Amino acid sequence: MVAAFVVGIVSGAVTMAFVLSAPVDVPLFTFSVESSILLWVAENSRLIATTGLALLMSFGIMSIISNVQDILDLRPKRVLR
């Protein structure tokens, strides 16, 4: 559980650094188009990238917690007498 906490703190810092690293007016990627859904994607590229990173971090933290619970379930149970 401590590992999930540390991963959450570190990945949150990395995400904030990623979002704040470039100016707001500059998109992360462009498709050089005038209209269509690709223009919307290019205009909202920062939001899309940040959401994708947040989803990946959430999946990673949940998998760490799941692995810790699986490991704890493998240990033999103590019987109090």
# chains A, B, ... in the order shown; residues from 1 in each chain; ligands from 1
call {"tool": "residues_around", "arguments": {"residues": "segment 43-47 of chain A", "least_positions_apart": "3", "cutoff": "12 Å", "atoms": "only C-alpha atoms", "output": "PyMOL selection string"}}
result
chain A and resi 15-16+18-40+50-54
call {"tool": "closest_residue", "arguments": {"among": "A:Leu74, A:Ile61, A:Val79, A:Ala17", "to": "Ala3 of chain A", "atoms": "only C-alpha atoms"}}
result
A:Ile61
call {"tool": "select_by_dssp", "arguments": {"residues": "segment 2-81 of chain A", "states": "alpha helix (DSSP H)", "output": "VMD selection string"}}
result
chain A and resid 2 to 20 37 to 43 45 to 74
call {"tool": "write_last_selection", "arguments": {"atoms": "C-alpha atoms", "output": "PDB file, in the first residue's frame"}}
result
ATOM      1  CA  VAL A   2       2.920   2.313   0.656  1.00  0.00           C
ATOM      2  CA  ALA A   3       4.133   1.645  -2.885  1.00  0.00           C
ATOM      3  CA  ALA A   4       0.766   2.747  -4.306  1.00  0.00           C
ATOM      4  CA  PHE A   5       0.927   5.933  -2.253  1.00  0.00           C
ATOM      5  CA  VAL A   6       4.466   6.716  -3.418  1.00  0.00           C
ATOM      6  CA  VAL A   7       3.600   5.936  -7.044  1.00  0.00           C
ATOM      7  CA  GLY A   8       0.575   8.233  -6.801  1.00  0.00           C
ATOM      8  CA  ILE A   9       2.642  11.121  -5.438  1.00  0.00           C
ATOM      9  CA  VAL A  10       5.463  10.684  -7.977  1.00  0.00           C
ATOM     10  CA  SER A  11       3.172  10.210 -10.960  1.00  0.00           C
ATOM     11  CA  GLY A  12       1.082  13.221  -9.906  1.00  0.00           C
ATOM     12  CA  ALA A  13       4.229  15.331  -9.851  1.00  0.00           C
ATOM     13  CA  VAL A  14       5.250  14.019 -13.271  1.00  0.00           C
ATOM     14  CA  THR A  15       1.814  14.798 -14.685  1.00  0.00           C
ATOM     15  CA  MET A  16       1.882  18.327 -13.298  1.00  0.00           C
ATOM     16  CA  ALA A  17       5.353  18.862 -14.769  1.00  0.00           C
ATOM     17  CA  PHE A  18       4.117  17.539 -18.122  1.00  0.00           C
ATOM     18  CA  VAL A  19       1.097  19.830 -18.164  1.00  0.00           C
ATOM     19  CA  LEU A  20       3.014  22.901 -17.033  1.00  0.00           C
ATOM     20  CA  ILE A  37     -12.695  16.069 -35.542  1.00  0.00           C
ATOM     21  CA  LEU A  38      -8.914  16.214 -35.933  1.00  0.00           C
ATOM     22  CA  LEU A  39      -9.037  19.980 -35.427  1.00  0.00           C
ATOM     23  CA  TRP A  40     -10.960  19.484 -32.187  1.00  0.00           C
ATOM     24  CA  VAL A  41      -8.418  16.872 -31.079  1.00  0.00           C
ATOM     25  CA  ALA A  42      -5.524  19.228 -31.877  1.00  0.00           C
ATOM     26  CA  GLU A  43      -7.162  22.093 -29.969  1.00  0.00           C
ATOM     27  CA  SER A  45      -4.574  17.911 -27.076  1.00  0.00           C
ATOM     28  CA  ARG A  46      -3.420  19.014 -23.621  1.00  0.00           C
ATOM     29  CA  LEU A  47      -6.669  17.941 -21.996  1.00  0.00           C
ATOM     30  CA  ILE A  48      -6.673  14.633 -23.869  1.00  0.00           C
ATOM     31  CA  ALA A  49      -3.047  13.889 -22.949  1.00  0.00           C
ATOM     32  CA  THR A  50      -3.612  14.789 -19.302  1.00  0.00           C
ATOM     33  CA  THR A  51      -6.739  12.631 -19.116  1.00  0.00           C
ATOM     34  CA  GLY A  52      -4.886   9.731 -20.715  1.00  0.00           C
ATOM     35  CA  LEU A  53      -2.029  10.049 -18.230  1.00  0.00           C
ATOM     36  CA  ALA A  54      -4.464  10.187 -15.318  1.00  0.00           C
ATOM     37  CA  LEU A  55      -6.215   7.039 -16.545  1.00  0.00           C
ATOM     38  CA  LEU A  56      -2.901   5.205 -16.937  1.00  0.00           C
ATOM     39  CA  MET A  57      -1.803   6.258 -13.440  1.00  0.00           C
ATOM     40  CA  SER A  58      -5.115   5.135 -11.956  1.00  0.00           C
ATOM     41  CA  PHE A  59      -4.772   1.768 -13.646  1.00  0.00           C
ATOM     42  CA  GLY A  60      -1.216   1.421 -12.346  1.00  0.00           C
ATOM     43  CA  ILE A  61      -2.152   2.273  -8.775  1.00  0.00           C
ATOM     44  CA  MET A  62      -5.125  -0.101  -8.841  1.00  0.00           C
ATOM     45  CA  SER A  63      -2.916  -2.910 -10.157  1.00  0.00           C
ATOM     46  CA  ILE A  64      -0.382  -2.304  -7.372  1.00  0.00           C
ATOM     47  CA  ILE A  65      -3.137  -2.457  -4.749  1.00  0.00           C
ATOM     48  CA  SER A  66      -4.571  -5.601  -6.355  1.00  0.00           C
ATOM     49  CA  ASN A  67      -1.151  -7.263  -6.361  1.00  0.00           C
ATOM     50  CA  VAL A  68      -0.586  -6.395  -2.699  1.00  0.00           C
ATOM     51  CA  GLN A  69      -3.977  -7.869  -1.785  1.00  0.00           C
ATOM     52  CA  ASP A  70      -3.225 -11.024  -3.775  1.00  0.00           C
ATOM     53  CA  ILE A  71       0.112 -11.421  -1.993  1.00  0.00           C
ATOM     54  CA  LEU A  72      -1.521 -10.909   1.396  1.00  0.00           C
ATOM     55  CA  ASP A  73      -4.144 -13.564   0.541  1.00  0.00           C
ATOM     56  CA  LEU A  74      -1.380 -16.098  -0.250  1.00  0.00           C
TER      57      LEU A  74
END
call {"tool": "decode", "arguments": {"residues": "segment 44-75 of chain A", "atoms": "N, CA, C and O atoms", "output": "mmCIF file, in the first residue's frame"}}
result
data_model
loop_
_atom_site.group_PDB
_atom_site.id
_atom_site.type_symbol
_atom_site.label_atom_id
_atom_site.label_comp_id
_atom_site.auth_asym_id
_atom_site.auth_seq_id
_atom_site.Cartn_x
_atom_site.Cartn_y
_atom_site.Cartn_z
ATOM 1 N N ASN A 44 -7.667 20.447 -28.289
ATOM 2 C CA ASN A 44 -7.800 19.920 -26.924
ATOM 3 C C ASN A 44 -6.739 18.871 -26.610
ATOM 4 O O ASN A 44 -6.961 18.005 -25.755
ATOM 5 N N SER A 45 -5.593 18.939 -27.251
ATOM 6 C CA SER A 45 -4.574 17.911 -27.076
ATOM 7 C C SER A 45 -4.026 17.865 -25.654
ATOM 8 O O SER A 45 -3.725 16.788 -25.135
ATOM 9 N N ARG A 46 -3.916 19.015 -24.998
ATOM 10 C CA ARG A 46 -3.420 19.014 -23.621
ATOM 11 C C ARG A 46 -4.387 18.306 -22.681
ATOM 12 O O ARG A 46 -3.983 17.512 -21.838
ATOM 13 N N LEU A 47 -5.661 18.588 -22.835
ATOM 14 C CA LEU A 47 -6.669 17.941 -21.996
ATOM 15 C C LEU A 47 -6.717 16.437 -22.257
ATOM 16 O O LEU A 47 -6.803 15.638 -21.324
ATOM 17 N N ILE A 48 -6.639 16.052 -23.513
ATOM 18 C CA ILE A 48 -6.673 14.633 -23.869
ATOM 19 C C ILE A 48 -5.451 13.906 -23.317
ATOM 20 O O ILE A 48 -5.559 12.807 -22.756
ATOM 21 N N ALA A 49 -4.271 14.519 -23.457
ATOM 22 C CA ALA A 49 -3.047 13.889 -22.949
ATOM 23 C C ALA A 49 -3.066 13.780 -21.430
ATOM 24 O O ALA A 49 -2.680 12.749 -20.861
ATOM 25 N N THR A 50 -3.542 14.819 -20.765
ATOM 26 C CA THR A 50 -3.612 14.789 -19.302
ATOM 27 C C THR A 50 -4.607 13.746 -18.821
ATOM 28 O O THR A 50 -4.338 13.016 -17.862
ATOM 29 N N THR A 51 -5.742 13.646 -19.484
ATOM 30 C CA THR A 51 -6.739 12.631 -19.116
ATOM 31 C C THR A 51 -6.189 11.230 -19.344
ATOM 32 O O THR A 51 -6.377 10.340 -18.507
ATOM 33 N N GLY A 52 -5.495 11.035 -20.443
ATOM 34 C CA GLY A 52 -4.886 9.731 -20.715
ATOM 35 C C GLY A 52 -3.846 9.354 -19.669
ATOM 36 O O GLY A 52 -3.798 8.208 -19.204
ATOM 37 N N LEU A 53 -3.010 10.318 -19.280
ATOM 38 C CA LEU A 53 -2.029 10.049 -18.230
ATOM 39 C C LEU A 53 -2.701 9.727 -16.900
ATOM 40 O O LEU A 53 -2.267 8.829 -16.175
ATOM 41 N N ALA A 54 -3.757 10.447 -16.573
ATOM 42 C CA ALA A 54 -4.464 10.187 -15.318
ATOM 43 C C ALA A 54 -5.088 8.792 -15.321
ATOM 44 O O ALA A 54 -5.045 8.088 -14.308
ATOM 45 N N LEU A 55 -5.637 8.387 -16.457
ATOM 46 C CA LEU A 55 -6.215 7.039 -16.545
ATOM 47 C C LEU A 55 -5.141 5.962 -16.416
ATOM 48 O O LEU A 55 -5.348 4.948 -15.733
ATOM 49 N N LEU A 56 -3.994 6.170 -17.054
ATOM 50 C CA LEU A 56 -2.901 5.205 -16.937
ATOM 51 C C LEU A 56 -2.373 5.122 -15.505
ATOM 52 O O LEU A 56 -2.086 4.031 -15.000
ATOM 53 N N MET A 57 -2.264 6.267 -14.831
ATOM 54 C CA MET A 57 -1.803 6.258 -13.440
ATOM 55 C C MET A 57 -2.809 5.560 -12.535
ATOM 56 O O MET A 57 -2.424 4.789 -11.653
ATOM 57 N N SER A 58 -4.085 5.796 -12.765
ATOM 58 C CA SER A 58 -5.115 5.135 -11.956
ATOM 59 C C SER A 58 -5.062 3.628 -12.140
ATOM 60 O O SER A 58 -5.150 2.876 -11.172
ATOM 61 N N PHE A 59 -4.882 3.198 -13.382
ATOM 62 C CA PHE A 59 -4.772 1.768 -13.646
ATOM 63 C C PHE A 59 -3.545 1.185 -12.958
ATOM 64 O O PHE A 59 -3.603 0.104 -12.373
ATOM 65 N N GLY A 60 -2.434 1.896 -12.994
ATOM 66 C CA GLY A 60 -1.216 1.421 -12.346
ATOM 67 C C GLY A 60 -1.363 1.307 -10.844
ATOM 68 O O GLY A 60 -0.946 0.320 -10.236
ATOM 69 N N ILE A 61 -1.965 2.306 -10.226
ATOM 70 C CA ILE A 61 -2.152 2.273 -8.775
ATOM 71 C C ILE A 61 -3.119 1.167 -8.378
ATOM 72 O O ILE A 61 -2.901 0.449 -7.392
ATOM 73 N N MET A 62 -4.184 0.985 -9.151
ATOM 74 C CA MET A 62 -5.125 -0.101 -8.841
ATOM 75 C C MET A 62 -4.465 -1.461 -9.005
ATOM 76 O O MET A 62 -4.742 -2.381 -8.233
ATOM 77 N N SER A 63 -3.591 -1.619 -9.983
ATOM 78 C CA SER A 63 -2.916 -2.910 -10.157
ATOM 79 C C SER A 63 -1.936 -3.167 -9.018
ATOM 80 O O SER A 63 -1.786 -4.308 -8.574
ATOM 81 N N ILE A 64 -1.272 -2.125 -8.521
ATOM 82 C CA ILE A 64 -0.382 -2.304 -7.372
ATOM 83 C C ILE A 64 -1.183 -2.739 -6.154
ATOM 84 O O ILE A 64 -0.804 -3.687 -5.451
ATOM 85 N N ILE A 65 -2.306 -2.084 -5.898
ATOM 86 C CA ILE A 65 -3.137 -2.457 -4.749
ATOM 87 C C ILE A 65 -3.669 -3.877 -4.904
ATOM 88 O O ILE A 65 -3.686 -4.658 -3.949
ATOM 89 N N SER A 66 -4.075 -4.243 -6.109
ATOM 90 C CA SER A 66 -4.571 -5.601 -6.355
ATOM 91 C C SER A 66 -3.470 -6.632 -6.125
ATOM 92 O O SER A 66 -3.720 -7.690 -5.531
ATOM 93 N N ASN A 67 -2.263 -6.328 -6.577
ATOM 94 C CA ASN A 67 -1.151 -7.263 -6.361
ATOM 95 C C ASN A 67 -0.827 -7.413 -4.887
ATOM 96 O O ASN A 67 -0.544 -8.522 -4.417
ATOM 97 N N VAL A 68 -0.849 -6.325 -4.142
ATOM 98 C CA VAL A 68 -0.586 -6.395 -2.699
ATOM 99 C C VAL A 68 -1.651 -7.246 -2.015
ATOM 100 O O VAL A 68 -1.344 -8.085 -1.160
ATOM 101 N N GLN A 69 -2.913 -7.063 -2.386
ATOM 102 C CA GLN A 69 -3.977 -7.869 -1.785
ATOM 103 C C GLN A 69 -3.836 -9.338 -2.151
ATOM 104 O O GLN A 69 -4.072 -10.214 -1.310
ATOM 105 N N ASP A 70 -3.437 -9.631 -3.381
ATOM 106 C CA ASP A 70 -3.225 -11.024 -3.775
ATOM 107 C C ASP A 70 -2.084 -11.651 -2.982
ATOM 108 O O ASP A 70 -2.171 -12.806 -2.563
ATOM 109 N N ILE A 71 -1.020 -10.904 -2.769
ATOM 110 C CA ILE A 71 0.112 -11.421 -1.993
ATOM 111 C C ILE A 71 -0.297 -11.654 -0.555
ATOM 112 O O ILE A 71 0.074 -12.663 0.057
ATOM 113 N N LEU A 72 -1.072 -10.737 0.017
ATOM 114 C CA LEU A 72 -1.521 -10.909 1.396
ATOM 115 C C LEU A 72 -2.460 -12.104 1.526
ATOM 116 O O LEU A 72 -2.475 -12.776 2.569
ATOM 117 N N ASP A 73 -3.246 -12.407 0.496
ATOM 118 C CA ASP A 73 -4.144 -13.564 0.541
ATOM 119 C C ASP A 73 -3.381 -14.882 0.438
ATOM 120 O O ASP A 73 -3.882 -15.922 0.861
ATOM 121 N N LEU A 74 -2.163 -14.873 -0.114
ATOM 122 C CA LEU A 74 -1.380 -16.098 -0.250
ATOM 123 C C LEU A 74 -0.740 -16.513 1.065
ATOM 124 O O LEU A 74 -0.412 -17.697 1.239
ATOM 125 N N ARG A 75 -0.549 -15.581 1.983
ATOM 126 C CA ARG A 75 0.071 -15.922 3.250
ATOM 127 C C ARG A 75 -0.871 -16.793 4.073
ATOM 128 O O ARG A 75 -2.097 -16.601 4.045
#
